[in-house]
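Q: Sharing a structure below in structure tokens format, with a few things to ask.
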There are 2 protein chains.
Amino acid sequence: MKKNKYVIAGLQMAFSSDPDKNLNKVLSFMKQAAKKGAQVICLPELYRSQYFCQKEDSKLFDLAETIPGPSTEAFSKTAKQLKVAVIVPIFEKRAPGVYHNSAVIIDADGKPLGIYRKMHIPDDPAFYEKYYFSPGDLGYKSFNTKYGKIGTLICWDQWYPEGARLTALQGATTLFYPTAIGWHPAEKERYGKAQQDSWITIQRSHAIANGTYVCSVNRIGFEQPVKEQSGIIFWGSSFICDPQGVIIAKASEDKEEIIYGEVDLKHLENIRRNWPFLRDRRIDSYNDITKRFLD
Amino acid sequence: MKKNKYVIAGLQMAFSSDPDKNLNKVLSFMKQAAKKGAQVICLPELYRSQYFCQKEDSKLFDLAETIPGPSTEAFSKTAKQLKVAVIVPIFEKRAPGVYHNSAVIIDADGKPLGIYRKMHIPDDPAFYEKYYFSPGDLGYKSFNTKYGKIGTLICWDQWYPEGARLTALQGATTLFYPTAIGWHPAEKERYGKAQQDSWITIQRSHAIANGTYVCSVNRIGFEQPVKEQSGIIFWGSSFICDPQGVIIAKASEDKEEIIYGEVDLKHLENIRRNWPFLRDRRIDSYNDITKRFLD
């Protein structure tokens with residue numbers, strides 16, 4: 001039987017170019033979080049390396065790992081030890097030439113509950129993800145962890161109300177968004193604030209529209225893998241908000257830190273009763289949402 | 001040939017219990033707005049009366065009017081005179097026993113372009129709309145005014161990403177939200193700020209997700225039609241935001257005022273190129289959005 005509350009945590013971190021160091025550092029953050037009472041823990045997107053998608057280089061596919069594989073094994077073991085569920089976002093090697101931007105969801109007994117594969121794949125200057133990742137083919141999912149029903153989406157998915165909706169409709173009470181987003185240095189001064197504010201706003205809106213908690217976990221640090229390019233300043237600002245979009249935890253832009261939030265299912269129920277958006281959805285009228293454009 | 005820019009305005013107003021006075025006051029605000037350069041003007045929801053849905057009373061159906069009818073005629077005439085397009089939200093009498101919460105969209109030549117009928121109908125204490133209004137049966141629409149392609153939704157619709165998406169996919173470059181939303185006096189102090197902030201956030205998110213301008217137009221004033229009930233404090237705060245969710249005009253909580261915003265289609269194009277969310281929608285994966293819940 002589930003309790004009415006569970007504690008979630010997001011690990012905001014910087015990553016080096018050494019996959020094993022990154023893995024070990026995350027495991028140590030995870031232990032800290034568990035010690036402070038976290039029951040469901042989320043890592044930043046592609047935690048095992050720097051954000052390699054700043055360039056297109058076929059050698060970088062070597063960074064990918066299988067599921068199960070080193071990350072799944074290490075986090076299964078630690079999850080079981082600490083009795084925590086964990087969302088582990090990795091570069092997944094599925095088959096030769098078939099790679100995904102994925103997350104393994106591991107329950108508090110150490111057993112993997114399933115995989116989410118990023119559905120919406122971006123491609124913008126210095127975010128060349130369409131080169132590396134096949135679009136997800138598993139759809140949107142909710143995972144029934146020991147502590148609560150959660151869903152995860154990944155980064156670019158956060159801009160799509162459809163993904164949040166389809167995850168929430170499966171019963172997820174928290175939507176996690178492991179992320180790697182930041183500023184192009186040349187844009188930061190002029191557009192930085194508006195970009196970051198859009199990012200927070202769209203994710204808070206998923207909480208509001210669906211009556212769920214949202215936990216967004218970003219990396220920090222300046223990464224410049226290509227000397228000829230200006231690099232990316234990852235903007236941190238990981239946050240947790242409640243089902244009305246009220247921010248209950250927020251991290252800095254530039255420091256490693258762990259954010260915590262209590263998911264209170266009575267509060268969620270109360271918000272949904274008083275703002276009964278799910279009740280009034282006009283499901284008879286949404287068919288055309290599967291069209292590209294209505295011209 | 002359309003220009004690349006058009007000016008929109010929202011008339012934030014208080015309404016009395018006299019329908020003709022309300023009509024005349026709005027016409028005078030509309031003239032002011034046109035004089036200052038507005039080309040597409042939006043009124044608050046159900047502009048012709050106080051917000052009667054605070055009680056269920058069959059006599060109040062007398063407030064409804066047909067389309068065409070007095071509002072359509074008066075605004076057609078004034079729209080033609082002033083050469084402005086206008087969104088006129090009214091209590092529509094469609095047939096005996098068939099009523100809607102609707103908006104007539106009138107072009108700058110005075111001709112009605114069509115009707116939008118509120119799709120999502122709320123029912124909460126003091127917002128007894130399901131008693132008065134049949135759910136809309138015309139779907140989501142975009143209207144090609146002389147100055148630009150616009151869409152309108154109404155109040156409760158603003159909580160539904162689906163409605164915004166389906167309107168934007170039809171080419172609307174501004175989404176208008178005529179609204180009547182406020183605080184229960186007993187809740188204002190404790191929950192007021194969070195409620196209002198949710199309301200602004202969800203609407204800004206529609207701008208961000210779809211790359212459109214959003215113009216939300218609320219009424220102001222305290223209305224207490226039933227002495228035994230505590231009434232509603234309509235919270236004003238009408239606003240206009242750009243396709244990145246940046247607020248470019250915002251009204252007070254308690255004063256009648258007109259907000260203006262310039263819709264710049266080059267800016268819209270630029271935002272959509274740099275944040276290409278529409279490009280990457282996974283339309284193959286959204287089918288289940290037509291389900292009530294996925295259990």
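Chain lettering (A, B, ...) mirrors the order of the structure tokens, residue numbering begins at 1 for each chain separately, and ligand numbering begins at 1 in order of display.
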Write out, as a Markdown table, each residue of chain B that has an atom at most 6 Å from chain A, together with the closest pair of atoms and their distance in Å to one decimal, counting only C-alpha atoms, rows going by chain and rising number.

A:
| residue | atom | partner | partner_atom | distance |
| --- | --- | --- | --- | --- |
| B:Leu169 | CA | A:Phe293 | CA | 5.0 |
| B:Gln170 | CA | A:Leu294 | CA | 4.8 |
| B:Ile202 | CA | A:Ser205 | CA | 5.0 |
| B:Ser205 | CA | A:Ile202 | CA | 5.0 |
| B:Ile283 | CA | A:Thr290 | CA | 4.5 |
| B:Tyr286 | CA | A:Thr290 | CA | 5.8 |
| B:Thr290 | CA | A:Ile283 | CA | 4.5 |
| B:Phe293 | CA | A:Leu169 | CA | 5.0 |
| B:Leu294 | CA | A:Gln170 | CA | 4.8 |
| B:Asp295 | CA | A:Gln170 | CA | 5.9 |

Q: What does the file look like for those residues with N, CA, C and O atoms, as a CSV table (one decimal), in the first residue's frame?

A:
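For reference, result24.csv as written:
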chain,number,residue,atom,x,y,z
B,169,LEU,N,-2.6,25.7,-35.0
B,169,LEU,CA,-2.4,24.8,-36.2
B,169,LEU,C,-3.2,25.3,-37.4
B,169,LEU,O,-2.9,24.9,-38.5
B,170,GLN,N,-4.2,26.1,-37.2
B,170,GLN,CA,-5.0,26.6,-38.3
B,170,GLN,C,-4.4,28.0,-38.7
B,170,GLN,O,-5.0,28.7,-39.6
B,202,ILE,N,-0.3,29.6,-17.5
B,202,ILE,CA,-0.8,28.6,-18.5
B,202,ILE,C,-1.0,29.3,-19.8
B,202,ILE,O,-0.8,28.7,-20.9
B,205,SER,N,2.2,29.9,-21.6
B,205,SER,CA,2.7,28.6,-22.1
B,205,SER,C,2.1,28.3,-23.5
B,205,SER,O,2.7,27.7,-24.3
B,283,ILE,N,3.5,13.6,-34.2
B,283,ILE,CA,2.1,13.4,-34.5
B,283,ILE,C,1.7,12.0,-34.7
B,283,ILE,O,0.5,11.7,-34.6
B,286,TYR,N,0.3,10.9,-30.7
B,286,TYR,CA,-0.6,11.6,-29.9
B,286,TYR,C,-2.1,11.1,-29.9
B,286,TYR,O,-3.0,11.7,-29.4
B,290,THR,N,-7.2,11.7,-27.2
B,290,THR,CA,-8.7,11.7,-27.3
B,290,THR,C,-9.3,10.8,-26.3
B,290,THR,O,-10.5,10.5,-26.3
B,293,PHE,N,-8.9,9.1,-19.8
B,293,PHE,CA,-7.8,8.7,-18.9
B,293,PHE,C,-7.2,7.4,-19.4
B,293,PHE,O,-7.9,6.6,-20.0
B,294,LEU,N,-6.0,7.1,-19.1
B,294,LEU,CA,-5.3,5.9,-19.7
B,294,LEU,C,-5.0,4.9,-18.6
B,294,LEU,O,-3.9,4.7,-18.2
B,295,ASP,N,-6.1,4.3,-18.1
B,295,ASP,CA,-5.9,3.4,-17.0
B,295,ASP,C,-6.2,2.0,-17.4
B,295,ASP,O,-6.4,1.7,-18.6

Q: Quick one: everything within 6 Å of stretch 116-118 of chain B, counting only C-alpha atoms, minus sequence neighbours fewer than 3 positions away in the same chain. Send it as an mmCIF file with N, CA, C and O atoms, in the first residue's frame.

A:
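What follows is the written file result.cif:
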data_model
loop_
_atom_site.group_PDB
_atom_site.id
_atom_site.type_symbol
_atom_site.label_atom_id
_atom_site.label_comp_id
_atom_site.auth_asym_id
_atom_site.auth_seq_id
_atom_site.Cartn_x
_atom_site.Cartn_y
_atom_site.Cartn_z
ATOM 1 N N ASN B 101 -21.986 30.035 -24.837
ATOM 2 C CA ASN B 101 -21.079 31.115 -24.471
ATOM 3 C C ASN B 101 -20.193 31.311 -25.702
ATOM 4 O O ASN B 101 -19.306 30.497 -25.974
ATOM 5 N N SER B 102 -20.459 32.349 -26.466
ATOM 6 C CA SER B 102 -19.897 32.451 -27.823
ATOM 7 C C SER B 102 -19.148 33.751 -28.040
ATOM 8 O O SER B 102 -19.195 34.653 -27.208
ATOM 9 N N ALA B 103 -18.485 33.825 -29.171
ATOM 10 C CA ALA B 103 -17.888 35.086 -29.617
ATOM 11 C C ALA B 103 -18.153 35.237 -31.113
ATOM 12 O O ALA B 103 -17.981 34.282 -31.873
ATOM 13 N N GLY B 136 -19.625 24.027 -26.909
ATOM 14 C CA GLY B 136 -19.504 24.424 -28.305
ATOM 15 C C GLY B 136 -19.438 23.217 -29.235
ATOM 16 O O GLY B 136 -18.922 22.163 -28.860
ATOM 17 N N ILE B 154 -12.323 30.930 -25.232
ATOM 18 C CA ILE B 154 -13.008 31.709 -24.202
ATOM 19 C C ILE B 154 -12.723 31.124 -22.817
ATOM 20 O O ILE B 154 -12.953 29.941 -22.574
#

Q: Please, what distance in Å, to one decimal, runs between atom CA of B:Gly37 and atom CA of A:Tyr191?

A: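 Separation of atom CA of B:Gly37 and atom CA of A:Tyr191: 28.8 Å.
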
Q: I'd like to know which of B:Glu253, B:Glu187, B:Glu65, B:Glu45 is closest to B:Thr152, using only C-alpha atoms.

A: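 Under the stated criterion, the closest residue is B:Glu45.
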
Q: Which residues come within 9 Å of A:Ala180, counting only C-alpha atoms, excluding same-chain residues fewer than 4 positions away, as number ranges by chain?

A: A: 44-46, 51, 155, 217-220, 234-236

Q: Can you tell me which residues surround B:Val86 at a distance of at most 9 Å, considering only C-alpha atoms, apart from same-chain residues fewer than 6 positions away, and format the answer as a list in words?

A: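 Once the nearby chain positions are removed, what remains is Met30, Gln39, Val40, Ile41, Cys42, Leu43, Phe75, Ser76, Ala79, Val104, Ile105, Ile106, Asp107 and Ala108 of chain B.
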
Q: Can you write just those residues out, N, CA, C and O atoms, as a PDB file, in the first residue's frame?

A:
ATOM      1  N   MET B  30     -14.060  51.118 -27.583  1.00  0.00           N
ATOM      2  CA  MET B  30     -13.600  50.628 -28.894  1.00  0.00           C
ATOM      3  C   MET B  30     -13.150  51.799 -29.773  1.00  0.00           C
ATOM      4  O   MET B  30     -12.123  51.707 -30.468  1.00  0.00           O
ATOM      5  N   GLN B  39      -6.153  47.632 -34.367  1.00  0.00           N
ATOM      6  CA  GLN B  39      -6.760  47.095 -35.591  1.00  0.00           C
ATOM      7  C   GLN B  39      -7.601  45.847 -35.315  1.00  0.00           C
ATOM      8  O   GLN B  39      -8.532  45.548 -36.051  1.00  0.00           O
ATOM      9  N   VAL B  40      -7.245  45.114 -34.283  1.00  0.00           N
ATOM     10  CA  VAL B  40      -8.066  43.970 -33.859  1.00  0.00           C
ATOM     11  C   VAL B  40      -8.307  44.142 -32.361  1.00  0.00           C
ATOM     12  O   VAL B  40      -7.354  44.224 -31.579  1.00  0.00           O
ATOM     13  N   ILE B  41      -9.578  44.201 -31.983  1.00  0.00           N
ATOM     14  CA  ILE B  41      -9.948  44.560 -30.615  1.00  0.00           C
ATOM     15  C   ILE B  41     -10.736  43.420 -29.974  1.00  0.00           C
ATOM     16  O   ILE B  41     -11.600  42.817 -30.617  1.00  0.00           O
ATOM     17  N   CYS B  42     -10.423  43.136 -28.727  1.00  0.00           N
ATOM     18  CA  CYS B  42     -11.127  42.058 -28.033  1.00  0.00           C
ATOM     19  C   CYS B  42     -11.788  42.566 -26.748  1.00  0.00           C
ATOM     20  O   CYS B  42     -11.175  43.304 -25.974  1.00  0.00           O
ATOM     21  N   LEU B  43     -13.028  42.155 -26.535  1.00  0.00           N
ATOM     22  CA  LEU B  43     -13.797  42.505 -25.333  1.00  0.00           C
ATOM     23  C   LEU B  43     -13.666  41.385 -24.309  1.00  0.00           C
ATOM     24  O   LEU B  43     -13.338  40.257 -24.666  1.00  0.00           O
ATOM     25  N   PHE B  75     -21.894  46.189 -33.309  1.00  0.00           N
ATOM     26  CA  PHE B  75     -20.446  46.103 -33.519  1.00  0.00           C
ATOM     27  C   PHE B  75     -20.081  46.041 -34.999  1.00  0.00           C
ATOM     28  O   PHE B  75     -19.026  46.508 -35.398  1.00  0.00           O
ATOM     29  N   SER B  76     -20.968  45.480 -35.810  1.00  0.00           N
ATOM     30  CA  SER B  76     -20.712  45.481 -37.263  1.00  0.00           C
ATOM     31  C   SER B  76     -20.648  46.911 -37.770  1.00  0.00           C
ATOM     32  O   SER B  76     -19.732  47.291 -38.521  1.00  0.00           O
ATOM     33  N   ALA B  79     -17.504  48.613 -36.285  1.00  0.00           N
ATOM     34  CA  ALA B  79     -16.280  48.039 -36.878  1.00  0.00           C
ATOM     35  C   ALA B  79     -16.050  48.620 -38.271  1.00  0.00           C
ATOM     36  O   ALA B  79     -14.926  48.987 -38.636  1.00  0.00           O
ATOM     37  N   VAL B 104     -18.619  36.420 -31.483  1.00  0.00           N
ATOM     38  CA  VAL B 104     -18.768  36.740 -32.903  1.00  0.00           C
ATOM     39  C   VAL B 104     -17.506  37.469 -33.337  1.00  0.00           C
ATOM     40  O   VAL B 104     -17.067  38.396 -32.657  1.00  0.00           O
ATOM     41  N   ILE B 105     -16.933  37.040 -34.448  1.00  0.00           N
ATOM     42  CA  ILE B 105     -15.728  37.697 -34.960  1.00  0.00           C
ATOM     43  C   ILE B 105     -16.139  38.533 -36.166  1.00  0.00           C
ATOM     44  O   ILE B 105     -16.630  37.999 -37.171  1.00  0.00           O
ATOM     45  N   ILE B 106     -15.965  39.842 -36.031  1.00  0.00           N
ATOM     46  CA  ILE B 106     -16.423  40.778 -37.067  1.00  0.00           C
ATOM     47  C   ILE B 106     -15.206  41.429 -37.708  1.00  0.00           C
ATOM     48  O   ILE B 106     -14.298  41.896 -37.007  1.00  0.00           O
ATOM     49  N   ASP B 107     -15.193  41.439 -39.028  1.00  0.00           N
ATOM     50  CA  ASP B 107     -14.019  41.979 -39.733  1.00  0.00           C
ATOM     51  C   ASP B 107     -14.131  43.506 -39.864  1.00  0.00           C
ATOM     52  O   ASP B 107     -15.150  44.115 -39.530  1.00  0.00           O
ATOM     53  N   ALA B 108     -13.061  44.097 -40.382  1.00  0.00           N
ATOM     54  CA  ALA B 108     -12.960  45.551 -40.454  1.00  0.00           C
ATOM     55  C   ALA B 108     -13.911  46.174 -41.476  1.00  0.00           C
ATOM     56  O   ALA B 108     -14.072  47.400 -41.505  1.00  0.00           O
TER      57      ALA B 108
END

Q: Mind listing the helix (DSSP H, G or I) residues of stretch 44-210 of chain B, per DSSP on the backbone, as an MDAnalysis selection string?

A: chainID B and resid 52:54 58:63 70:82 129:132 155:159 161:168 185:210

Q: What does the distance from atom CA of A:Ala249 to atom CA of A:Val26 come to in Å, to one decimal?

A: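 Taking atom CA of A:Ala249 as the start and atom CA of A:Val26 as the end point, the length is 19.9 Å.
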
Q: At a cut-off of 10 Å, using only C-alpha atoms, what residues contact A:Lys36? Leave out same-chain residues fewer than 5 positions from it and give the result as a list of chain:residue names.

A: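 The residues satisfying every condition are A:Val7, A:Ala9, A:Met30, A:Lys31, A:Tyr260.
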
Q: Grab the atom CA of B:Phe61 to atom CA of B:Tyr99 distance for me, in Å with one decimal place.

A: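 Distance reported for this atom pair: 8.1 Å.
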
Q: Extract, using only C-alpha atoms, all DNA, RNA and protein residues at most 9 Å from A:Asp109, discarding same-chain residues fewer than 6 positions from it, and format them as number ranges by chain.

A: A: 76-77, 79-85, 146

Q: Please produce a file of those selected residues containing N, CA and C atoms, as a compact mmCIF listing (two decimals), in the first residue's frame.

A:
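Now in out.txt:
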# COMPACT_ATOMS: atom_id res chain seq x y z
N SER A 76 21.22 -0.01 -10.27
CA SER A 76 20.37 -1.05 -9.68
C SER A 76 20.91 -1.44 -8.31
N LYS A 77 22.22 -1.64 -8.28
CA LYS A 77 22.85 -2.04 -7.04
C LYS A 77 22.67 -0.96 -5.96
N ALA A 79 20.51 1.56 -5.91
CA ALA A 79 19.09 1.78 -5.60
C ALA A 79 18.61 0.78 -4.56
N LYS A 80 19.02 -0.46 -4.76
CA LYS A 80 18.62 -1.52 -3.83
C LYS A 80 19.20 -1.27 -2.43
N GLN A 81 20.49 -0.94 -2.43
CA GLN A 81 21.16 -0.63 -1.14
C GLN A 81 20.45 0.49 -0.39
N LEU A 82 20.14 1.56 -1.13
CA LEU A 82 19.61 2.77 -0.49
C LEU A 82 18.08 2.74 -0.38
N LYS A 83 17.47 1.74 -1.03
CA LYS A 83 16.00 1.65 -1.09
C LYS A 83 15.38 2.91 -1.70
N VAL A 84 15.93 3.35 -2.81
CA VAL A 84 15.37 4.49 -3.53
C VAL A 84 15.12 4.12 -4.98
N ALA A 85 14.13 4.74 -5.58
CA ALA A 85 13.92 4.63 -7.02
C ALA A 85 14.75 5.71 -7.71
N LYS A 146 7.93 1.99 -6.05
CA LYS A 146 7.51 1.63 -4.69
C LYS A 146 6.86 2.81 -3.97

Q: Which residue gives the smallest distance to A:Ile90 among A:Asn144, A:Lys149, A:Pro19, A:Leu113, with only C-alpha atoms counted?

A: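 When distances to A:Ile90 are compared using only C-alpha atoms, the smallest one comes from A:Pro19.
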
Q: Ranking A:Glu92, A:Gly221, A:Thr78, A:Arg48 by minimum distance to A:Ser252 and counting only C-alpha atoms, which one comes first?

A: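 Of A:Glu92, A:Gly221, A:Thr78, A:Arg48, the one nearest A:Ser252 is A:Gly221, counting only C-alpha atoms.
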